[in-house]
Every structure is written in C-alpha cells, then in structure tokens.
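Asker: File work.tsv below, TSV, C-alpha atoms:
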```
chain	number	residue	atom	x	y	z
T	28	MET	CA	14.32	58.87	25.46
T	29	SER	CA	12.65	55.60	25.54
T	30	GLU	CA	12.71	55.37	21.76
T	31	SER	CA	16.48	55.19	21.92
T	32	ASN	CA	16.11	51.70	23.34
T	33	HIS	CA	17.43	49.14	20.94
T	34	LYS	CA	14.86	47.68	18.67
T	35	THR	CA	13.85	44.09	18.67
T	36	SER	CA	13.01	42.57	15.37
T	37	ALA	CA	9.72	40.84	14.92
T	38	LYS	CA	9.79	37.11	14.46
T	39	SER	CA	6.96	34.81	13.76
T	40	ILE	CA	6.04	32.36	16.46
T	41	PRO	CA	7.22	28.89	15.48
T	42	THR	CA	4.37	26.56	14.73
T	43	ARG	CA	3.96	22.97	13.97
T	44	ARG	CA	1.27	21.48	11.78
T	45	VAL	CA	-0.60	18.58	13.23
T	46	VAL	CA	-3.12	16.77	11.13
T	47	ILE	CA	-5.99	15.17	12.92
T	48	ASN	CA	-7.60	12.40	10.93
T	49	SER	CA	-9.72	10.94	13.59
T	50	VAL	CA	-11.04	11.70	17.00
T	51	ASP	CA	-8.63	9.16	18.48
T	52	LEU	CA	-5.78	11.49	17.74
T	53	MET	CA	-7.19	14.20	19.94
T	54	PRO	CA	-5.55	14.69	23.32
T	55	HIS	CA	-7.31	13.45	26.39
T	56	ASP	CA	-7.56	16.79	28.07
T	57	TYR	CA	-7.68	20.42	27.14
T	58	CYS	CA	-4.23	21.29	28.41
T	59	SER	CA	-2.52	19.12	25.80
T	60	THR	CA	-1.80	20.03	22.23
T	61	PRO	CA	-2.78	17.57	19.53
T	62	GLY	CA	0.35	15.64	18.76
T	63	GLY	CA	1.49	15.93	22.33
T	64	THR	CA	3.56	19.06	22.19
T	65	LEU	CA	3.46	22.14	24.25
T	66	PHE	CA	6.30	24.29	23.10
T	67	SER	CA	6.84	25.59	26.57
T	68	THR	CA	7.55	22.10	27.81
T	69	THR	CA	9.45	20.57	24.95
T	70	PRO	CA	11.80	18.05	26.51
T	71	GLY	CA	15.41	18.89	25.91
T	72	GLY	CA	14.72	22.55	25.26
T	73	THR	CA	14.75	24.18	21.88
T	74	ARG	CA	14.95	21.79	19.00
T	75	ILE	CA	15.08	22.03	15.27
T	76	ILE	CA	11.67	20.88	14.20
T	77	TYR	CA	10.50	20.32	10.63
T	78	ASP	CA	7.18	18.97	9.53
T	79	ARG	CA	6.73	16.50	6.74
T	80	LYS	CA	5.45	19.07	4.31
T	81	PHE	CA	8.48	21.29	4.76
T	82	LEU	CA	10.91	18.40	4.42
T	83	LEU	CA	9.23	17.28	1.21
T	84	GLU	CA	9.48	20.78	-0.20
T	85	CYS	CA	13.22	20.77	0.44
T	86	ARG	CA	13.51	17.72	-1.75
T	87	SER	CA	12.98	19.76	-4.88
T	88	SER	CA	15.81	22.16	-4.17
T	89	PRO	CA	18.66	21.63	-6.65
T	90	VAL	CA	21.20	21.06	-3.91
T	91	ALA	CA	19.14	18.16	-2.59
T	92	LYS	CA	19.33	16.38	-5.93
T	93	THR	CA	23.07	16.16	-6.38
T	94	PRO	CA	24.42	12.73	-5.57
T	95	PRO	CA	26.09	12.43	-2.17
T	96	ARG	CA	29.83	12.11	-1.95
T	97	GLY	CA	31.20	8.67	-1.35
T	98	LEU	CA	27.97	6.81	-1.90
T	99	PRO	CA	28.91	3.13	-1.93
T	100	ASP	CA	27.78	1.17	-4.92
T	101	ILE	CA	25.54	-1.56	-3.57
T	102	PRO	CA	23.83	-3.26	-6.50
T	103	GLY	CA	20.08	-3.07	-6.19
T	104	VAL	CA	20.31	-0.72	-3.22
T	105	THR	CA	22.15	2.44	-4.16
T	106	SER	CA	22.57	3.97	-7.54
T	107	PRO	CA	25.62	6.20	-7.67
T	108	PRO	CA	25.89	7.90	-11.03
T	109	THR	CA	28.85	5.95	-12.35
T	110	LYS	CA	29.65	4.83	-15.84
T	111	ASP	CA	28.94	1.33	-14.73
T	112	ALA	CA	25.40	2.31	-14.02
T	113	ILE	CA	24.92	3.29	-17.61
T	114	LYS	CA	26.88	0.41	-19.01
T	115	ASP	CA	25.18	-2.20	-16.95
T	116	LYS	CA	21.71	-1.35	-18.00
T	117	ALA	CA	19.98	-4.59	-17.41
T	118	HIS	CA	21.03	-4.49	-13.84
T	119	ASN	CA	20.83	-0.88	-12.85
T	120	GLY	CA	18.03	0.33	-15.04
T	121	GLU	CA	15.48	-0.67	-12.52
T	122	ALA	CA	17.25	0.89	-9.61
T	123	LEU	CA	17.56	4.17	-11.42
T	124	ASN	CA	13.89	4.17	-12.20
T	125	ASN	CA	13.08	3.83	-8.58
T	126	ASN	CA	14.84	7.04	-7.91
T	127	VAL	CA	13.08	9.32	-10.25
T	128	ILE	CA	12.40	12.23	-8.02
T	129	LYS	CA	8.81	13.11	-8.15
T	130	THR	CA	8.70	16.73	-7.31
T	131	PRO	CA	5.75	16.91	-5.06
T	132	ASP	CA	3.26	19.30	-6.51
T	133	SER	CA	2.90	21.81	-3.82
T	134	LYS	CA	-0.66	21.05	-2.87
T	135	ALA	CA	-0.37	17.33	-2.66
T	136	ALA	CA	2.92	17.53	-0.86
T	137	GLY	CA	1.27	18.16	2.43
T	138	ASP	CA	-0.60	15.88	4.61
T	139	GLU	CA	-3.41	15.31	2.16
T	140	ALA	CA	-1.00	13.02	0.39
T	141	GLN	CA	-1.21	10.62	3.27
T	142	PHE	CA	-2.65	7.32	2.35
T	143	GLU	CA	-5.19	5.33	4.20
T	144	MET	CA	-3.71	2.26	5.68
T	145	ASP	CA	-5.71	-0.74	6.41
T	146	ILE	CA	-3.77	-3.45	8.04
S	26	MET	CA	36.52	-8.92	14.14
S	27	ASN	CA	33.74	-10.88	12.68
S	28	ASN	CA	30.03	-10.92	12.63
S	29	LYS	CA	29.54	-8.16	15.08
S	30	PHE	CA	26.27	-7.38	13.45
S	31	ASP	CA	24.99	-10.88	13.39
S	32	ALA	CA	22.61	-10.12	16.16
S	33	LEU	CA	20.78	-7.83	13.82
S	34	LYS	CA	19.95	-10.42	11.39
S	35	ASP	CA	16.90	-12.17	12.54
S	36	ASP	CA	15.40	-9.68	14.80
S	37	ASP	CA	11.67	-9.63	14.33
S	38	SER	CA	11.34	-11.12	10.98
S	39	GLY	CA	9.26	-13.94	12.36
S	40	ASP	CA	10.58	-16.16	9.63
S	41	HIS	CA	13.62	-17.54	11.34
S	42	ASP	CA	15.42	-19.67	8.91
S	43	GLN	CA	17.95	-21.94	10.40
S	44	ASP	CA	20.87	-20.94	8.31
S	45	GLN	CA	22.47	-18.62	10.78
S	46	SER	CA	26.05	-18.67	11.78
S	47	SER	CA	26.76	-19.76	15.31
S	48	PRO	CA	25.30	-17.89	18.27
S	49	LYS	CA	28.63	-17.44	19.97
S	50	ASN	CA	29.33	-14.57	17.67
S	51	CYS	CA	27.10	-12.24	19.54
S	52	GLU	CA	29.19	-12.61	22.66
S	53	LYS	CA	32.29	-11.41	20.98
S	54	GLU	CA	30.81	-8.01	20.73
S	55	LYS	CA	32.30	-6.33	23.76
S	56	ASN	CA	35.96	-6.35	22.93
S	57	GLU	CA	35.51	-5.25	19.41
S	58	ASP	CA	34.29	-1.78	19.72
S	59	GLU	CA	37.03	-0.21	17.71
S	60	ASP	CA	36.42	-1.71	14.36
S	61	LYS	CA	38.50	-1.32	11.29
S	62	GLU	CA	35.76	-0.42	8.94
S	63	PRO	CA	37.20	1.92	6.36
S	64	ASN	CA	34.12	4.09	6.59
S	65	THR	CA	34.62	4.66	10.27
S	66	ALA	CA	38.34	5.13	10.10
S	67	LYS	CA	38.20	8.03	7.70
S	68	LYS	CA	35.09	9.45	9.22
S	69	LYS	CA	34.83	13.16	9.66
S	70	MET	CA	31.85	14.79	11.23
S	71	VAL	CA	29.52	15.95	8.48
S	72	VAL	CA	28.24	19.51	8.66
S	73	PRO	CA	25.39	21.25	6.88
S	74	GLY	CA	26.35	23.06	3.70
S	75	VAL	CA	25.89	26.79	3.29
S	76	GLY	CA	22.24	27.67	3.09
S	77	GLU	CA	21.09	24.16	3.94
S	78	HIS	CA	18.64	23.37	6.69
S	79	PRO	CA	20.47	21.80	9.64
S	80	LEU	CA	18.97	18.85	11.44
S	81	GLN	CA	18.89	18.53	15.19
S	82	TYR	CA	21.22	15.53	14.91
S	83	ASN	CA	23.48	13.98	12.32
S	84	TYR	CA	22.33	10.60	11.09
S	85	THR	CA	23.85	7.63	9.31
S	86	PHE	CA	22.18	5.31	6.83
S	87	TRP	CA	23.07	1.62	7.00
S	88	TYR	CA	22.04	-1.32	4.90
S	89	SER	CA	22.11	-4.98	5.76
S	90	ARG	CA	21.12	-8.10	3.98
S	91	ARG	CA	21.11	-11.65	5.09
S	92	THR	CA	23.11	-13.86	2.87
S	93	PRO	CA	21.63	-17.19	2.03
S	94	GLY	CA	23.32	-20.34	3.19
S	95	ARG	CA	25.85	-20.45	5.96
S	96	PRO	CA	28.73	-18.28	4.91
S	97	ALA	CA	32.07	-17.99	6.65
S	98	SER	CA	31.75	-15.50	9.44
S	99	THR	CA	34.06	-12.75	8.23
S	100	HIS	CA	32.48	-12.93	4.86
S	101	SER	CA	29.06	-12.80	6.38
S	102	TYR	CA	29.92	-9.75	8.45
S	103	GLU	CA	31.16	-7.93	5.40
S	104	GLN	CA	27.97	-8.65	3.62
S	105	ASN	CA	25.57	-8.08	6.41
S	106	ILE	CA	25.96	-4.44	7.16
S	107	LYS	CA	27.22	-1.50	5.24
S	108	GLN	CA	27.36	2.16	6.04
S	109	ILE	CA	25.80	4.11	3.26
S	110	GLY	CA	26.68	7.54	4.58
S	111	SER	CA	26.03	10.31	7.07
S	112	PHE	CA	24.28	13.63	6.75
S	113	ALA	CA	23.68	16.76	8.79
S	114	SER	CA	21.05	18.69	6.87
S	115	VAL	CA	17.70	18.16	5.21
S	116	GLU	CA	19.25	18.59	1.79
S	117	GLN	CA	22.02	16.11	2.49
S	118	PHE	CA	19.41	13.62	3.63
S	119	TRP	CA	17.55	13.90	0.34
S	120	ARG	CA	20.77	13.35	-1.60
S	121	PHE	CA	21.15	9.97	0.00
S	122	TYR	CA	17.51	9.08	0.02
S	123	SER	CA	17.08	9.90	-3.67
S	124	HIS	CA	19.96	7.65	-4.60
S	125	MET	CA	18.75	4.69	-2.63
S	126	VAL	CA	15.98	2.34	-3.69
S	127	ARG	CA	12.82	2.51	-1.72
S	128	PRO	CA	12.44	-0.31	0.78
S	129	GLY	CA	9.49	-1.77	-1.11
S	130	ASP	CA	11.82	-2.34	-4.05
S	131	LEU	CA	14.50	-4.14	-2.08
S	132	THR	CA	14.84	-7.81	-2.75
S	133	GLY	CA	15.35	-10.59	-0.28
S	134	HIS	CA	15.87	-10.31	3.39
S	135	SER	CA	17.10	-6.72	3.69
S	136	ASP	CA	17.07	-3.87	6.16
S	137	PHE	CA	17.71	-0.17	6.06
S	138	HIS	CA	18.78	1.41	9.32
S	139	LEU	CA	18.82	5.12	9.97
S	140	PHE	CA	20.53	5.95	13.24
S	141	LYS	CA	21.94	8.99	14.90
S	142	GLU	CA	25.57	9.34	13.97
S	143	GLY	CA	27.69	7.45	16.48
S	144	ILE	CA	25.00	4.93	17.42
S	145	LYS	CA	25.42	1.55	15.79
S	146	PRO	CA	22.23	-0.15	14.73
S	147	MET	CA	22.69	-2.98	17.12
S	148	TRP	CA	21.30	-3.96	20.48
S	149	GLU	CA	24.66	-3.88	22.23
S	150	ASP	CA	25.53	-0.29	21.46
S	151	ASP	CA	25.74	1.80	24.62
S	152	ALA	CA	22.88	3.98	23.46
S	153	ASN	CA	20.68	0.96	22.79
S	154	LYS	CA	21.50	-1.55	25.48
S	155	MET	CA	18.90	-0.27	27.96
S	156	GLY	CA	16.47	0.46	25.18
S	157	GLY	CA	13.76	-1.05	23.13
S	158	LYS	CA	11.66	-0.44	20.07
S	159	TRP	CA	8.18	-0.05	18.78
S	160	ILE	CA	7.44	-2.52	16.02
S	161	ILE	CA	4.79	-2.19	13.37
S	162	ARG	CA	4.16	-5.03	10.98
S	163	LEU	CA	2.88	-4.05	7.58
S	164	ARG	CA	1.29	-6.00	4.84
S	165	LYS	CA	3.15	-5.89	1.57
S	166	GLY	CA	2.86	-2.71	-0.43
S	167	LEU	CA	2.84	-0.20	2.38
S	168	VAL	CA	6.42	-0.14	3.50
S	169	SER	CA	7.96	2.52	1.28
S	170	ARG	CA	5.49	5.16	2.23
S	171	CYS	CA	5.45	4.16	5.86
S	172	TRP	CA	9.25	4.23	6.12
S	173	GLU	CA	9.38	7.64	4.51
S	174	ASN	CA	6.85	9.05	6.93
S	175	LEU	CA	8.67	7.48	9.84
S	176	ILE	CA	12.10	8.85	9.02
S	177	LEU	CA	10.78	12.28	8.09
S	178	ALA	CA	9.15	12.44	11.51
S	179	MET	CA	12.37	11.36	13.18
S	180	LEU	CA	14.57	13.81	11.27
S	181	GLY	CA	12.10	16.62	11.85
S	182	GLU	CA	12.05	15.94	15.61
S	183	GLN	CA	8.36	15.19	15.69
S	184	PHE	CA	8.65	12.71	18.52
S	185	MET	CA	9.37	15.27	21.22
S	186	VAL	CA	11.12	12.90	23.56
S	187	GLY	CA	14.36	14.77	24.03
S	188	GLU	CA	17.41	12.62	23.39
S	189	GLU	CA	15.51	9.37	23.58
S	190	ILE	CA	15.28	8.38	19.92
S	191	CYS	CA	18.19	6.27	18.65
S	192	GLY	CA	17.13	5.37	15.15
S	193	ALA	CA	14.70	3.59	12.88
S	194	VAL	CA	14.79	0.31	10.98
S	195	VAL	CA	12.84	-1.05	8.07
S	196	SER	CA	12.95	-4.79	7.49
S	197	VAL	CA	11.80	-6.30	4.24
S	198	ARG	CA	10.71	-9.89	4.69
S	199	PHE	CA	8.88	-12.49	2.67
S	200	GLN	CA	5.34	-12.20	3.92
S	201	GLU	CA	5.36	-8.79	5.51
S	202	ASP	CA	7.49	-5.77	6.16
S	203	ILE	CA	8.36	-4.26	9.51
S	204	VAL	CA	9.21	-0.76	10.57
S	205	SER	CA	10.52	0.01	14.00
S	206	ILE	CA	11.84	2.92	15.97
S	207	TRP	CA	14.39	2.47	18.72
S	208	ASN	CA	14.67	4.49	21.90
S	209	LYS	CA	17.23	4.61	24.66
S	210	THR	CA	15.30	3.81	27.80
S	211	ALA	CA	12.84	0.95	27.58
S	212	SER	CA	11.68	1.54	31.14
S	213	ASP	CA	10.66	5.14	30.51
S	214	GLN	CA	6.96	4.73	29.97
S	215	ALA	CA	6.21	8.37	29.37
S	216	THR	CA	8.66	8.29	26.49
S	217	THR	CA	7.49	5.03	24.99
S	218	ALA	CA	3.88	6.18	25.18
S	219	ARG	CA	4.71	9.41	23.47
S	220	VAL	CA	6.65	7.62	20.77
S	221	ARG	CA	3.69	5.32	20.21
S	222	ASP	CA	1.24	8.19	19.93
S	223	THR	CA	3.50	10.05	17.53
S	224	LEU	CA	3.86	6.93	15.41
S	225	ARG	CA	0.11	6.59	15.17
S	226	ARG	CA	-0.14	10.15	14.04
S	227	VAL	CA	2.72	10.37	11.56
S	228	LEU	CA	2.17	6.97	9.99
S	229	ASN	CA	-1.54	7.57	9.74
S	230	LEU	CA	-2.22	4.17	11.18
S	231	PRO	CA	-5.76	3.08	11.78
S	232	PRO	CA	-6.62	2.94	15.49
S	233	ASN	CA	-6.69	-0.84	15.55
S	234	THR	CA	-3.15	-1.29	14.25
S	235	ILE	CA	-1.20	-3.56	16.52
S	236	MET	CA	1.97	-2.00	17.79
S	237	GLU	CA	4.35	-4.01	19.85
S	238	TYR	CA	7.04	-2.72	22.17
S	239	LYS	CA	10.01	-4.97	22.63
S	240	THR	CA	13.01	-4.37	24.85
S	241	HIS	CA	16.39	-5.16	23.36
S	242	THR	CA	17.23	-7.45	26.27
S	243	ASP	CA	14.22	-9.55	25.30
S	244	SER	CA	15.33	-9.50	21.68
S	245	ILE	CA	18.78	-10.71	22.62
S	246	LYS	CA	17.35	-13.44	24.83
S	247	ALA	CA	15.02	-14.61	22.11
S	248	TRP	CA	17.83	-14.64	19.60
S	249	VAL	CA	20.13	-16.65	21.84
S	250	ASP	CA	17.37	-19.08	22.79
S	251	PHE	CA	16.42	-19.62	19.22
S	252	HIS	CA	19.92	-20.15	17.98
S	253	GLY	CA	20.78	-22.31	20.94
S	254	LEU	CA	17.90	-24.51	19.97
S	255	VAL	CA	19.09	-24.72	16.42
S	256	THR	CA	22.55	-25.74	17.52
S	257	ALA	CA	21.23	-28.38	19.93
S	258	SER	CA	19.11	-29.99	17.28
S	259	GLY	CA	21.92	-29.92	14.80
S	260	GLY	CA	20.48	-27.18	12.67
S	261	ARG	CA	18.89	-27.77	9.37
```
The structure in this file should be written as structure tokens.
Answerer:
Amino acid sequence: MSESNHKTSAKSIPTRRVVINSVDLMPHDYCSTPGGTLFSTTPGGTRIIYDRKFLLECRSSPVAKTPPRGLPDIPGVTSPPTKDAIKDKAHNGEALNNNVIKTPDSKAAGDEAQFEMDI
Amino acid sequence: MNNKFDALKDDDSGDHDQDQSSPKNCEKEKNEDEDKEPNTAKKKMVVPGVGEHPLQYNYTFWYSRRTPGRPASTHSYEQNIKQIGSFASVEQFWRFYSHMVRPGDLTGHSDFHLFKEGIKPMWEDDANKMGGKWIIRLRKGLVSRCWENLILAMLGEQFMVGEEICGAVVSVRFQEDIVSIWNKTASDQATTARVRDTLRRVLNLPPNTIMEYKTHTDSIKAWVDFHGLVTASGGR
C-alpha cells in the first residue's frame, strides 16, 4: 500500500565552500555560517550559486573557449580572432598572449591558488 | 546625445587631470535615456546555450578609456565607453573573459565594467542612483587576480544580498589600481556590511586593508565640485 506512493529521488544537499584563512573571517557568533550564509535565510530565495573553484573548472570546457559572437575589436583590449589579428602581429601579438588560457590544474584551481596580498 | 558617460571618467582615480570636457555634460543625462547605440538597438536577451550553466543574472561587459587632451564631446563619448557584450551562462562569460586582456595589461587610464544586463555603469542609472560602492585600492601588480576573484564571486552569487548588487568596476590608473563593487541601496547597512565581509573573504585581503564606501551622490558632488573648480580657474 504505502509503497505505491510515488518515489522521491535523492538529491545531494547544496553546499558552498568557504575558505577561512584567518580567524578574522570567522563569524561573530555560533548561529552564523562562515561567509555569512545560512541557506535557510538566503535573501531573495533560491539562487544559482557557484564557487570560484567550480567556475574555474568550467573555463576548460571546449564551449567556454570559442570566441563570443559579435566581440568588438578594441585594439589592446579585445582580441577577436580575425585575419587582422594575424596580419597585424606587432600590435596584436601581445594581446593574444595575454589570453592564453591556462587550464587550471585541478588541484591548484581551488582556493589554494589564492595569493597573499599585502597592501 | 553626447558624453553621457562622462561622469564615469574620473571617479576615484585620485589623479584628476584637468583635461576633462565641461561639467555641464553630466546634467544632460536625464533626457537621453534612449540612446542610439547600435549595440543596444539590436540587443536581444542572451540565453544560456544547451548544457551550459546558467547564471542568476545576465551581465554585460563594458570598457572605457579616457582620451588624452580635450576632445570634442561626441567624439569623446564614442571613445569613452563601449559595450563588449552580454552573457547568460558561465561558459559564455569565459568566452568573453578569455578574449579580453586582463586589467593588469591594459594601458593608460582604462576601466572594465561588469554590470547586470540593463544597468548602465553610471551613477545616474535608476538602479544606481540611490546606491554606492565599496572601493579597494591596490598597489600595482595585484589587479588582474583581484578583479577575477571579484567578478567570479559576483557571478557565482557569493554576496548573498538578494538583488542588491549592480556591478563591478576595475580602474587602471598610473600609481595604483582600483576595484569596486556597486550596490543599489547605499543606506542599507546590513547589505553594505555583508558586501564588505564577502569582499574580504573572496579577495583574500589582509585584515588591515582599507576599504572605503562611497555613495554615488557623494561621487557626483565631488565630480561637479572638482570640475566647477577647474572651469572657474580657467582649466589647465
């Protein structure tokens, strides 16, 4: 009888990675989550959340590497793959070099890759 | 239709040169909402491709650069701000990002703006006019990484302030670089505090980093005051 009830599929609970580098990043009280988020009280309801590590992983997908449609050619700023870009080497060579996509090796892609900033 | 983005130009650079065009331009803003930019005219809402990871919001990349000298106003508008393009998914974002130079490699007095689609990167936009921004000044060499971390956090909805975020700006200047993130309601202290704390976390800033919050009304006032002064003293 009761087994005729429709099944619910199992889904993993969404999580978010928060990296704590120093004690200052810890919340002030025990009812807060590091990073300030309680999923039950996310303002604005459900949102599409991605962490840095996930976003960086998406960068290596082939579809993320194709040039965007209608990219304006702004010298020194964008590098659309035009013939001009090849022809005009002296000018665009540098810009192209800046865009070599470094596929993040999967370990370093995460938060360990953060740099120390000293300002 | 000229110079509607002039107000962007000096912003927080702290190195106000006196070669701006006249301050009256910023008052023309209101009647000129419907611009004739080709990019806007043919604009269609972008959507995520099949199998791509949708973002919470669509965003638009902009680029601006201050032209040296005192150019004619229409000319200067044309050169000051350009739409690079809009995207709706993580993959579409990377397509643009990978075909743009990193901010640390920009030359001159240049800015990238990344704003939610439909919000112009200017103080007077409806979404911005009651707003403000957190500003972080960076010594040279840090900006590319910092900008990347900032926009990844924004696109990934790490700020957790509902609809409050408007966009982010990186400004490359002579002595330093500046990143900032704009929100809608400057008076909402819970939001601005949360944005600040998220910035500290995602940018991996040391605890003593100075972060400054500035309302856009103050920015406008400062801009007008400064340029008024320039005009009174006859400029450079």
Asker: Of the candidates S:Glu142, S:Asp151, S:Glu77, S:Glu182, which shows the shortest atom-to-atom distance to chain T, using all atoms listed in the file?
Answerer: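 Among the listed residues, S:Glu182 lies closest to chain T.
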Asker: List every residue of chain S that has an atom at most 8 Å from any atom of chain T, giving for each one its closest atom pair and the distance in Å to one decimal, counting all atoms listed in the file, sorted by chain and then by ascending residue number, as a tab-separated table.
Answerer:
```
residue	atom	partner	partner_atom	distance
S:Pro79	CA	T:Ile75	CA	7.8
S:Leu80	CA	T:Ile75	CA	6.3
S:Gln81	CA	T:Ile75	CA	5.2
S:Ile109	CA	T:Pro99	CA	6.1
S:Gly110	CA	T:Leu98	CA	6.6
S:Val115	CA	T:Leu82	CA	6.8
S:Glu116	CA	T:Ala91	CA	4.4
S:Gln117	CA	T:Ala91	CA	6.2
S:Phe118	CA	T:Ala91	CA	7.7
S:Trp119	CA	T:Ala91	CA	5.4
S:Arg120	CA	T:Ala91	CA	5.2
S:Phe121	CA	T:Pro95	CA	5.9
S:Ser123	CA	T:Asn126	CA	5.6
S:His124	CA	T:Ser106	CA	5.4
S:Met125	CA	T:Thr105	CA	4.4
S:Val126	CA	T:Val104	CA	5.3
S:Arg127	CA	T:Asn125	CA	7.0
S:Asp130	CA	T:Asn125	CA	7.8
S:Leu131	CA	T:Val104	CA	6.8
S:Thr132	CA	T:Gly103	CA	7.9
S:Leu163	CA	T:Ile146	CA	6.7
S:Arg164	CA	T:Ile146	CA	6.5
S:Leu167	CA	T:Met144	CA	7.7
S:Asn174	CA	T:Arg79	CA	7.5
S:Leu177	CA	T:Arg79	CA	6.0
S:Ala178	CA	T:Arg79	CA	6.7
S:Leu180	CA	T:Tyr77	CA	7.7
S:Gly181	CA	T:Tyr77	CA	4.2
S:Glu182	CA	T:Ile76	CA	5.2
S:Gln183	CA	T:Ile76	CA	6.7
S:Met185	CA	T:Pro70	CA	6.5
S:Val186	CA	T:Pro70	CA	6.0
S:Gly187	CA	T:Gly71	CA	4.6
S:Glu188	CA	T:Gly71	CA	7.0
S:Arg219	CA	T:Gly63	CA	7.4
S:Asp222	CA	T:Gly62	CA	7.6
S:Thr223	CA	T:Gly62	CA	6.5
S:Arg226	CA	T:Leu52	CA	6.9
S:Asn229	CA	T:Glu143	CA	7.0
S:Leu230	CA	T:Met144	CA	6.0
S:Pro231	CA	T:Met144	CA	6.5
S:Pro232	CA	T:Asp51	CA	7.2
S:Thr234	CA	T:Ile146	CA	6.6
```
Asker: So how far away is CA of Ser111 in chain S from CA of Lys158 in chain S, in Å?
Answerer: 22.2 Å
Asker: For range 196-212 of chain S, work out the shell of residues within 7 Å, counting only C-alpha atoms and skipping chain neighbours fewer than 3 positions away, then give it as a list in words.
Answerer: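 Listing them by chain and then by number gives Ser38, Pro128, Gly133, His134, Ser135, Asp136, Phe137, Ala152, Asn153, Met155, Gly156, Gly157, Lys158, Trp159, Ile160, Ile161, Arg162, Leu163, Arg164, Lys165, Val168, Trp172, Glu189, Ile190, Cys191, Gly192, Ala193 and Thr240 of chain S.
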Asker: Report, in Å with one decimal, the straight-line distance from CA of Gly74 in chain S to CA of Arg44 in chain T.
Answerer: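 It comes out at 26.4 Å.
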